[in-house]
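Have a look at the structure below before the remarks.
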Amino acid sequence: MPNLQIVAPRIRGFICLNAHPAGCAANVERQIAVVRGSAATSPRPGGEPYHVLVLGASTGYGLSSLLTTVFGYGARALGVCLERPPQGDKPASAGWYNLVAAHAEARAAGRALETVNGDAYSAEVKAEVLERLRRWGRKLDAVVYSLASPRRTDPRTGETFTSVLKPLGAAYRSKSINLGNDQVVDVELAPATEADVTATVKVMGGEDWDLWMSALLDADLLAPGCRTVAYSYLGPELTYPIYRSGTIGRAKEHLEQTAHALTATLGARLGGAAFVSVNKAVVTQASSAIPVVPLYISLLYRVMKARGSHEGTIEQAVRLFRDHLAPGHTPETDEAGRIRLDDRELAPDVQAEVSRLWAEVSTANLGALSDYAGFKQEFRALFGFEVPGIDYGEPVDLDLRMP
Ligand code: NAD
């Protein structure tokens, strides 16, 4: 029996408490259309199937990576996520509905897609994924690591760590947007303690990526030449105190060290390699929660859209596979071994314009100087709201399940 309901957004600051199934499905369809319309994607040369594991596959960069490999390269894929199923009159989370739609599209296109919904940091979910992959009887060509979480329980000790977004050393004062009332405000962020840094590295550093790759390697589930990628962000000087030079920056440094260690192991054992891909700032559930960043993104979007260089997660994922990771391509990296998809964001003319606007922006001119309207619309669209073509007056079935 379908559970038909009219769903209106319930937004609290940078969190949306519900999601619209039809809007989420439309987002997924739009992303698949971008993948299919991208001339450079093609099935794997020689007709060899491509096998991919995506950790954090339900939203943001991970969802776009999943859709790119499945619909651009005909991959057989397994996605892992932590999403809330529908419960009575309470809609599921957006990532749940995204993957319901991805499964339906995959079925229609004759693609094999599986999902494991559970805590990717746990030993149980790792065991379940290994079991499913053994049943495939094929080894993985690529592993995408795109988890973003506020906390992680270390499976070896049972201790739970909570990541924080704080500057290091000294307090940091900056402009920011209060997403609750759309005011440009001054925020002061207290510096992190050593314990904050340790916890953030535990959650968002490379330890869990390493555990995944070690488990897959030990289980002999990685194909010769297997590549793995984890996502990072550097950003401009404007956001260094809260990002690159803050607690999250430390975690991302650890992620890079992990990539080097993994490349040494994967290279020696399989001729494989691990990469960090530095991606562009985009509106996702994770980025909306970072202080200062929504204001920066609003200005950046305005400048990049005006120049025609704006990209969302799907355009970035298509570029990542087309130019770097897809079979037959050699990733191009910077001097530190990182793939750089943030080149257009960090272009000097883009950053000069963002800095100029940043100095001027206030509550009074926010609408005129920035693309805050675009930020808000994209934020709502993450949850399936304000998506073009959807009639929000129509009841929709909340009780959608993945196969
Ligand atoms: P997101 O919030 O959209 O996605 C996070 C994913 O992780 C979801 O699929 C979620 O279900 C999954 N997840 C979270 N906790 C989990 C758990 N315990 N078990 C299983 N799955 C879990 O985030 P995003 O912005 O796409 O971030 C992904 C990566 O990209 C992060 O490393 C982030 O730092 C990086 N990145 C983001 C941006 C940006 O602007 N958003 C820019 C560059 C790099």
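Residues in the structure tokens are named by chain (A, B, ... in the order shown) and by number from 1 within that chain; ligands are numbered from 1 in the order shown.
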(request) Go through the chains and note each residue within 7 Å of ligand 1, using only C-alpha atoms and all ligand atoms, then give the set as a PyMOL selection string. (result) chain A and resi 55-63+80-83+95+117-121+146-149+152+230-233+278-287
Would you save the residues of that selection, restricted to N, CA and C atoms, as a CSV table (one decimal), in the first residue's frame?
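What landed in selection_17.csv:
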```
chain,number,residue,atom,x,y,z
A,55,LEU,N,32.0,4.3,-1.3
A,55,LEU,CA,31.7,4.5,0.1
A,55,LEU,C,31.2,5.9,0.3
A,56,GLY,N,29.9,6.0,0.7
A,56,GLY,CA,29.3,7.4,0.8
A,56,GLY,C,28.6,7.7,-0.5
A,57,ALA,N,27.8,6.7,-1.0
A,57,ALA,CA,27.3,6.7,-2.3
A,57,ALA,C,25.9,7.4,-2.5
A,58,SER,N,25.3,7.9,-1.4
A,58,SER,CA,23.9,8.4,-1.5
A,58,SER,C,23.7,9.8,-1.7
A,59,THR,N,24.7,10.7,-1.5
A,59,THR,CA,24.5,12.1,-1.7
A,59,THR,C,25.9,12.7,-2.1
A,60,GLY,N,25.9,14.0,-2.5
A,60,GLY,CA,27.1,14.7,-2.8
A,60,GLY,C,28.0,14.1,-3.8
A,61,TYR,N,29.3,14.2,-3.5
A,61,TYR,CA,30.3,13.7,-4.4
A,61,TYR,C,30.2,12.2,-4.6
A,62,GLY,N,29.9,11.5,-3.6
A,62,GLY,CA,29.8,10.0,-3.7
A,62,GLY,C,28.7,9.6,-4.7
A,63,LEU,N,27.5,10.2,-4.5
A,63,LEU,CA,26.4,9.8,-5.4
A,63,LEU,C,26.8,10.1,-6.9
A,80,VAL,N,27.8,2.1,-0.5
A,80,VAL,CA,27.5,2.1,0.9
A,80,VAL,C,27.1,3.4,1.4
A,81,CYS,N,26.1,3.5,2.3
A,81,CYS,CA,25.7,4.8,2.8
A,81,CYS,C,25.1,4.6,4.2
A,82,LEU,N,24.8,5.7,4.9
A,82,LEU,CA,24.0,5.6,6.1
A,82,LEU,C,22.8,6.5,6.0
A,83,GLU,N,21.7,6.0,5.6
A,83,GLU,CA,20.5,6.7,5.4
A,83,GLU,C,19.3,6.2,6.1
A,95,GLY,N,19.2,10.9,0.9
A,95,GLY,CA,20.1,9.9,0.3
A,95,GLY,C,19.4,8.6,0.0
A,117,ASN,N,23.2,-0.3,3.3
A,117,ASN,CA,22.9,0.8,4.2
A,117,ASN,C,23.3,0.5,5.6
A,118,GLY,N,24.3,1.1,6.1
A,118,GLY,CA,24.8,0.9,7.5
A,118,GLY,C,26.0,1.7,7.7
A,119,ASP,N,26.6,1.5,9.0
A,119,ASP,CA,27.7,2.3,9.4
A,119,ASP,C,29.0,1.8,8.7
A,120,ALA,N,29.5,2.5,7.7
A,120,ALA,CA,30.7,2.1,7.0
A,120,ALA,C,31.9,2.0,7.8
A,121,TYR,N,31.9,2.7,9.0
A,121,TYR,CA,33.1,2.6,9.9
A,121,TYR,C,33.1,1.3,10.7
A,146,SER,N,34.1,8.5,-0.2
A,146,SER,CA,33.5,9.8,-0.1
A,146,SER,C,32.6,9.9,1.1
A,147,LEU,N,33.1,9.4,2.3
A,147,LEU,CA,32.3,9.5,3.5
A,147,LEU,C,32.5,10.9,4.1
A,148,ALA,N,31.4,11.5,4.6
A,148,ALA,CA,31.5,12.7,5.3
A,148,ALA,C,30.6,12.6,6.5
A,149,SER,N,31.2,12.7,7.7
A,149,SER,CA,30.3,12.4,8.9
A,149,SER,C,30.8,13.2,10.1
A,152,ARG,N,32.6,9.2,14.3
A,152,ARG,CA,33.0,7.8,13.9
A,152,ARG,C,33.3,7.0,15.1
A,230,ALA,N,40.1,9.3,-2.7
A,230,ALA,CA,39.3,9.9,-1.6
A,230,ALA,C,39.3,11.4,-1.9
A,231,TYR,N,38.3,12.1,-1.4
A,231,TYR,CA,38.1,13.5,-1.8
A,231,TYR,C,38.5,14.5,-0.7
A,232,SER,N,39.1,15.6,-1.2
A,232,SER,CA,39.6,16.6,-0.3
A,232,SER,C,39.2,18.0,-0.8
A,233,TYR,N,39.5,19.0,0.0
A,233,TYR,CA,39.3,20.4,-0.3
A,233,TYR,C,40.4,21.2,0.2
A,278,VAL,N,41.4,16.7,-5.1
A,278,VAL,CA,40.9,18.0,-4.5
A,278,VAL,C,39.8,18.6,-5.3
A,279,ASN,N,38.6,18.6,-4.8
A,279,ASN,CA,37.5,19.0,-5.5
A,279,ASN,C,37.1,20.4,-5.2
A,280,LYS,N,36.1,20.9,-6.0
A,280,LYS,CA,35.6,22.3,-5.9
A,280,LYS,C,34.6,22.4,-4.8
A,281,ALA,N,34.5,23.6,-4.2
A,281,ALA,CA,33.4,23.8,-3.2
A,281,ALA,C,32.0,23.8,-3.8
A,282,VAL,N,31.2,22.9,-3.3
A,282,VAL,CA,29.8,22.8,-3.8
A,282,VAL,C,28.8,22.7,-2.7
A,283,VAL,N,27.6,22.9,-3.0
A,283,VAL,CA,26.6,22.8,-1.9
A,283,VAL,C,26.2,21.4,-1.6
A,284,THR,N,26.6,20.9,-0.5
A,284,THR,CA,26.2,19.5,0.0
A,284,THR,C,25.8,19.6,1.4
A,285,GLN,N,25.3,18.5,1.9
A,285,GLN,CA,24.9,18.6,3.4
A,285,GLN,C,26.1,18.8,4.2
A,286,ALA,N,27.3,18.2,3.8
A,286,ALA,CA,28.5,18.4,4.6
A,286,ALA,C,29.0,19.8,4.5
A,287,SER,N,29.0,20.4,3.3
A,287,SER,CA,29.6,21.8,3.3
A,287,SER,C,28.8,22.8,3.9
```
(request) Using only C-alpha atoms, find the one residue out of A:Pro327, A:Pro224, A:Gly206, A:Gly88 that sits nearest to Pro49 in chain A. (result)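 The closest residue to Pro49 in chain A is A:Pro327.
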Quick one: everything within 8 Å of Phe71 in chain A, counting only C-alpha atoms, minus sequence neighbours fewer than 3 positions away in the same chain. Send it as a PDB file with N, CA and C atoms, in the first residue's frame.
```pdb
ATOM      1  N   ILE A  32      22.054  11.814 -14.154  1.00  0.00           N
ATOM      2  CA  ILE A  32      22.291  10.747 -15.140  1.00  0.00           C
ATOM      3  C   ILE A  32      22.286  11.340 -16.548  1.00  0.00           C
ATOM      4  N   VAL A  35      25.603  12.792 -17.215  1.00  0.00           N
ATOM      5  CA  VAL A  35      26.584  11.729 -17.499  1.00  0.00           C
ATOM      6  C   VAL A  35      26.409  11.239 -18.937  1.00  0.00           C
ATOM      7  N   ARG A  36      25.172  10.969 -19.313  1.00  0.00           N
ATOM      8  CA  ARG A  36      24.933  10.427 -20.659  1.00  0.00           C
ATOM      9  C   ARG A  36      25.252  11.449 -21.748  1.00  0.00           C
ATOM     10  N   LEU A  67      26.909   7.475  -9.970  1.00  0.00           N
ATOM     11  CA  LEU A  67      26.127   7.638 -11.201  1.00  0.00           C
ATOM     12  C   LEU A  67      27.054   7.723 -12.423  1.00  0.00           C
ATOM     13  N   THR A  68      28.209   8.354 -12.256  1.00  0.00           N
ATOM     14  CA  THR A  68      29.153   8.464 -13.382  1.00  0.00           C
ATOM     15  C   THR A  68      29.681   7.085 -13.781  1.00  0.00           C
ATOM     16  N   GLY A  74      29.230   1.880 -17.536  1.00  0.00           N
ATOM     17  CA  GLY A  74      28.587   0.564 -17.436  1.00  0.00           C
ATOM     18  C   GLY A  74      29.067  -0.257 -16.254  1.00  0.00           C
ATOM     19  N   ALA A  75      29.494   0.419 -15.184  1.00  0.00           N
ATOM     20  CA  ALA A  75      30.066  -0.308 -14.053  1.00  0.00           C
ATOM     21  C   ALA A  75      29.017  -1.143 -13.323  1.00  0.00           C
ATOM     22  N   ALA A 106      18.961   2.185 -12.837  1.00  0.00           N
ATOM     23  CA  ALA A 106      19.936   1.137 -13.170  1.00  0.00           C
ATOM     24  C   ALA A 106      19.205  -0.094 -13.717  1.00  0.00           C
ATOM     25  N   ARG A 111      21.718  -2.194 -15.699  1.00  0.00           N
ATOM     26  CA  ARG A 111      22.968  -2.098 -14.935  1.00  0.00           C
ATOM     27  C   ARG A 111      22.808  -2.758 -13.572  1.00  0.00           C
TER      28      ARG A 111
END
```
(request) Provide the CA of Asn3 in chain A to CA of Asp397 in chain A distance in Å, to one decimal place. (result)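 Result for CA of Asn3 in chain A versus CA of Asp397 in chain A: 5.0 Å, one decimal.
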(request) Can you work out the spacing between CA of Tyr50 in chain A and CA of Ala104 in chain A in Å, to one decimal? (result)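 So the two atoms, CA of Tyr50 in chain A and CA of Ala104 in chain A, lie 19.9 Å apart.
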(message) What's the separation between CA of Phe321 in chain A and CA of Ala306 in chain A, in Å to one decimal place?
(response)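 If I compute the distance from CA of Phe321 in chain A to CA of Ala306 in chain A, I get 25.9 Å.
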(request) Within 12 Å of range 379-394 of chain A, counting only C-alpha atoms, which residues show up once you throw out same-chain ones fewer than 6 positions away? Write them as number ranges by chain, please. (result) A: 4-30, 58-60, 63, 91-98, 101, 179, 282-289, 294, 297-298, 312-313, 372-373
(request) Name the residues in contact with Asn178 in chain A at a cut-off of 10 Å, using only C-alpha atoms, excluding same-chain residues fewer than 6 positions from it; report them as a list in words. (result) Gly13, Phe14, Val184, Val185, Asp186, Val187, Pro291, Val292, Pro294 and Leu295 of chain A
Please write the residues from the selection above to a file, keeping C-alpha atoms, as an mmCIF file, in the first residue's frame.
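Once everything was written out, this is part19.cif:
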```cif
data_model
loop_
_atom_site.group_PDB
_atom_site.id
_atom_site.type_symbol
_atom_site.label_atom_id
_atom_site.label_comp_id
_atom_site.auth_asym_id
_atom_site.auth_seq_id
_atom_site.Cartn_x
_atom_site.Cartn_y
_atom_site.Cartn_z
ATOM 1 C CA GLY A 13 19.389 26.462 9.694
ATOM 2 C CA PHE A 14 21.790 24.194 7.822
ATOM 3 C CA VAL A 184 25.468 38.423 7.198
ATOM 4 C CA VAL A 185 26.995 38.306 10.660
ATOM 5 C CA ASP A 186 30.435 38.363 12.283
ATOM 6 C CA VAL A 187 31.273 35.064 13.918
ATOM 7 C CA PRO A 291 30.846 28.059 9.293
ATOM 8 C CA VAL A 292 31.827 30.802 6.782
ATOM 9 C CA PRO A 294 28.079 29.060 2.709
ATOM 10 C CA LEU A 295 28.909 32.784 2.301
#
```
(message) If you run DSSP on the backbone here, which positions in range 334-403 of chain A get alpha helix (DSSP H)? Please write them as number ranges by chain.
(response) A: 348-360, 366-369, 372-382
Go ahead and write the residues just picked, N, CA and C atoms, as an mmCIF file, in the first residue's frame.
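Written output follows (again_34.cif):
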```
data_model
loop_
_atom_site.group_PDB
_atom_site.id
_atom_site.type_symbol
_atom_site.label_atom_id
_atom_site.label_comp_id
_atom_site.auth_asym_id
_atom_site.auth_seq_id
_atom_site.Cartn_x
_atom_site.Cartn_y
_atom_site.Cartn_z
ATOM 1 N N PRO A 348 43.133 32.619 -10.596
ATOM 2 C CA PRO A 348 43.394 33.915 -9.950
ATOM 3 C C PRO A 348 42.308 34.957 -10.209
ATOM 4 N N ASP A 349 41.751 35.014 -11.426
ATOM 5 C CA ASP A 349 40.735 36.046 -11.690
ATOM 6 C C ASP A 349 39.458 35.759 -10.904
ATOM 7 N N VAL A 350 39.128 34.481 -10.743
ATOM 8 C CA VAL A 350 37.931 34.118 -9.956
ATOM 9 C C VAL A 350 38.144 34.529 -8.502
ATOM 10 N N GLN A 351 39.293 34.195 -7.955
ATOM 11 C CA GLN A 351 39.535 34.488 -6.540
ATOM 12 C C GLN A 351 39.661 35.998 -6.279
ATOM 13 N N ALA A 352 40.220 36.734 -7.253
ATOM 14 C CA ALA A 352 40.330 38.194 -7.065
ATOM 15 C C ALA A 352 38.930 38.795 -6.966
ATOM 16 N N GLU A 353 38.025 38.305 -7.809
ATOM 17 C CA GLU A 353 36.666 38.836 -7.797
ATOM 18 C C GLU A 353 35.931 38.420 -6.514
ATOM 19 N N VAL A 354 36.122 37.183 -6.092
ATOM 20 C CA VAL A 354 35.482 36.737 -4.844
ATOM 21 C C VAL A 354 35.992 37.585 -3.672
ATOM 22 N N SER A 355 37.292 37.842 -3.626
ATOM 23 C CA SER A 355 37.857 38.633 -2.511
ATOM 24 C C SER A 355 37.296 40.054 -2.509
ATOM 25 N N ARG A 356 37.152 40.615 -3.706
ATOM 26 C CA ARG A 356 36.611 41.974 -3.799
ATOM 27 C C ARG A 356 35.178 42.006 -3.258
ATOM 28 N N LEU A 357 34.377 41.023 -3.665
ATOM 29 C CA LEU A 357 32.982 40.966 -3.207
ATOM 30 C C LEU A 357 32.910 40.677 -1.707
ATOM 31 N N TRP A 358 33.830 39.820 -1.255
ATOM 32 C CA TRP A 358 33.850 39.445 0.168
ATOM 33 C C TRP A 358 34.011 40.678 1.062
ATOM 34 N N ALA A 359 34.876 41.598 0.632
ATOM 35 C CA ALA A 359 35.124 42.796 1.440
ATOM 36 C C ALA A 359 33.872 43.666 1.530
ATOM 37 N N GLU A 360 33.065 43.611 0.495
ATOM 38 C CA GLU A 360 31.896 44.505 0.422
ATOM 39 C C GLU A 360 30.617 43.899 0.979
ATOM 40 N N LEU A 366 23.545 41.460 0.128
ATOM 41 C CA LEU A 366 23.778 40.021 -0.081
ATOM 42 C C LEU A 366 23.143 39.524 -1.379
ATOM 43 N N GLY A 367 21.891 39.933 -1.614
ATOM 44 C CA GLY A 367 21.180 39.487 -2.815
ATOM 45 C C GLY A 367 21.829 40.007 -4.088
ATOM 46 N N ALA A 368 22.322 41.233 -4.045
ATOM 47 C CA ALA A 368 22.895 41.844 -5.251
ATOM 48 C C ALA A 368 24.310 41.341 -5.534
ATOM 49 N N LEU A 369 25.103 41.112 -4.477
ATOM 50 C CA LEU A 369 26.517 40.774 -4.702
ATOM 51 C C LEU A 369 26.783 39.278 -4.806
ATOM 52 N N TYR A 372 23.425 33.979 -3.256
ATOM 53 C CA TYR A 372 22.845 33.323 -2.071
ATOM 54 C C TYR A 372 21.510 32.669 -2.427
ATOM 55 N N ALA A 373 20.766 33.305 -3.354
ATOM 56 C CA ALA A 373 19.498 32.692 -3.791
ATOM 57 C C ALA A 373 19.779 31.312 -4.396
ATOM 58 N N GLY A 374 20.852 31.245 -5.196
ATOM 59 C CA GLY A 374 21.236 29.961 -5.806
ATOM 60 C C GLY A 374 21.679 28.955 -4.756
ATOM 61 N N PHE A 375 22.414 29.435 -3.750
ATOM 62 C CA PHE A 375 22.844 28.554 -2.661
ATOM 63 C C PHE A 375 21.625 27.946 -1.963
ATOM 64 N N LYS A 376 20.666 28.822 -1.624
ATOM 65 C CA LYS A 376 19.485 28.336 -0.895
ATOM 66 C C LYS A 376 18.686 27.363 -1.745
ATOM 67 N N GLN A 377 18.550 27.698 -3.023
ATOM 68 C CA GLN A 377 17.774 26.820 -3.908
ATOM 69 C C GLN A 377 18.470 25.458 -4.003
ATOM 70 N N GLU A 378 19.800 25.474 -4.144
ATOM 71 C CA GLU A 378 20.524 24.198 -4.264
ATOM 72 C C GLU A 378 20.467 23.417 -2.958
ATOM 73 N N PHE A 379 20.511 24.157 -1.845
ATOM 74 C CA PHE A 379 20.425 23.476 -0.548
ATOM 75 C C PHE A 379 19.081 22.753 -0.434
ATOM 76 N N ARG A 380 18.004 23.448 -0.801
ATOM 77 C CA ARG A 380 16.679 22.814 -0.726
ATOM 78 C C ARG A 380 16.579 21.664 -1.712
ATOM 79 N N ALA A 381 17.193 21.844 -2.874
ATOM 80 C CA ALA A 381 17.148 20.780 -3.888
ATOM 81 C C ALA A 381 17.879 19.519 -3.414
ATOM 82 N N LEU A 382 18.862 19.677 -2.520
ATOM 83 C CA LEU A 382 19.546 18.490 -1.987
ATOM 84 C C LEU A 382 18.547 17.540 -1.341
#
```
(message) as a list in words, please: the residues near range 340-342 of chain A (cut-off 10 Å, only C-alpha atoms, same-chain neighbours under 5 positions excluded).
(response)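 That gives Ser232, Tyr233, Leu234, Gly235, Val276, Ser277, Val278, Asn279, Lys280, Ala281, Glu311, Gln316, Ala317, Arg319, Leu320, His324, Pro331, Glu332, Thr333, Asp334 and Ala347 of chain A.
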(message) Would you pick out the contacts of Val54 in chain A at 6 Å or less, using only C-alpha atoms, so that residues sharing its chain but fewer than 3 positions from it are not included, and give the list as a list of chain:residue names?
(response)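 The contact residues come out as A:Ala57, A:Gly79, A:Val143, A:Val144.
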(message) When you count only C-alpha atoms, which of these residues is closest to Thr69 in chain A: A:Leu216, A:Leu222, A:Val201, A:Ile314?
(response)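 Selected residue with least distance to Thr69 in chain A: A:Ile314.
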(message) I need the strand (DSSP E or B) residues of range 140-303 of chain A per DSSP on the backbone, written as a PyMOL selection string.
(response) chain A and resi 140-145+151-153+160-162+172-178+183-189+222-232+273-278
Would you write out those residues with C-alpha atoms, as a PDB file, in the first residue's frame?
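The resulting file, part23.pdb, is reproduced below:
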```
ATOM      1  CA  LEU A 140      37.193  -4.260  -7.867  1.00  0.00           C
ATOM      2  CA  ASP A 141      38.776  -1.926 -10.414  1.00  0.00           C
ATOM      3  CA  ALA A 142      38.031   1.211  -8.398  1.00  0.00           C
ATOM      4  CA  VAL A 143      37.133   2.217  -4.843  1.00  0.00           C
ATOM      5  CA  VAL A 144      35.756   5.722  -4.190  1.00  0.00           C
ATOM      6  CA  TYR A 145      35.962   6.948  -0.598  1.00  0.00           C
ATOM      7  CA  ARG A 151      31.338  11.201  14.108  1.00  0.00           C
ATOM      8  CA  ARG A 152      32.992   7.818  13.901  1.00  0.00           C
ATOM      9  CA  THR A 153      33.239   4.916  16.294  1.00  0.00           C
ATOM     10  CA  THR A 160      33.370   7.380  19.445  1.00  0.00           C
ATOM     11  CA  PHE A 161      35.051  10.531  18.095  1.00  0.00           C
ATOM     12  CA  THR A 162      33.254  13.736  17.089  1.00  0.00           C
ATOM     13  CA  TYR A 172      39.126  33.361  14.084  1.00  0.00           C
ATOM     14  CA  ARG A 173      36.691  36.191  13.334  1.00  0.00           C
ATOM     15  CA  SER A 174      34.962  36.247  10.003  1.00  0.00           C
ATOM     16  CA  LYS A 175      31.857  37.172   8.103  1.00  0.00           C
ATOM     17  CA  SER A 176      29.380  34.338   7.764  1.00  0.00           C
ATOM     18  CA  ILE A 177      25.719  33.852   6.850  1.00  0.00           C
ATOM     19  CA  ASN A 178      23.209  32.923   9.495  1.00  0.00           C
ATOM     20  CA  GLN A 183      21.793  37.834   7.878  1.00  0.00           C
ATOM     21  CA  VAL A 184      25.468  38.423   7.198  1.00  0.00           C
ATOM     22  CA  VAL A 185      26.995  38.306  10.660  1.00  0.00           C
ATOM     23  CA  ASP A 186      30.435  38.363  12.283  1.00  0.00           C
ATOM     24  CA  VAL A 187      31.273  35.064  13.918  1.00  0.00           C
ATOM     25  CA  GLU A 188      34.108  34.312  16.269  1.00  0.00           C
ATOM     26  CA  LEU A 189      35.255  30.721  16.315  1.00  0.00           C
ATOM     27  CA  LEU A 222      41.100  -5.831  -5.637  1.00  0.00           C
ATOM     28  CA  ALA A 223      41.879  -6.308  -9.337  1.00  0.00           C
ATOM     29  CA  PRO A 224      45.343  -5.697 -10.777  1.00  0.00           C
ATOM     30  CA  GLY A 225      45.791  -1.959 -11.356  1.00  0.00           C
ATOM     31  CA  CYS A 226      42.965  -1.106  -8.909  1.00  0.00           C
ATOM     32  CA  ARG A 227      42.683   2.614  -8.174  1.00  0.00           C
ATOM     33  CA  THR A 228      41.198   4.213  -5.120  1.00  0.00           C
ATOM     34  CA  VAL A 229      40.350   7.877  -4.614  1.00  0.00           C
ATOM     35  CA  ALA A 230      39.332   9.944  -1.577  1.00  0.00           C
ATOM     36  CA  TYR A 231      38.064  13.504  -1.788  1.00  0.00           C
ATOM     37  CA  SER A 232      39.573  16.595  -0.277  1.00  0.00           C
ATOM     38  CA  ALA A 273      47.458   3.379  -6.691  1.00  0.00           C
ATOM     39  CA  ALA A 274      45.596   5.661  -4.277  1.00  0.00           C
ATOM     40  CA  PHE A 275      44.784   9.288  -5.014  1.00  0.00           C
ATOM     41  CA  VAL A 276      43.400  12.278  -3.222  1.00  0.00           C
ATOM     42  CA  SER A 277      41.263  14.367  -5.544  1.00  0.00           C
ATOM     43  CA  VAL A 278      40.947  17.992  -4.480  1.00  0.00           C
TER      44      VAL A 278
END
```
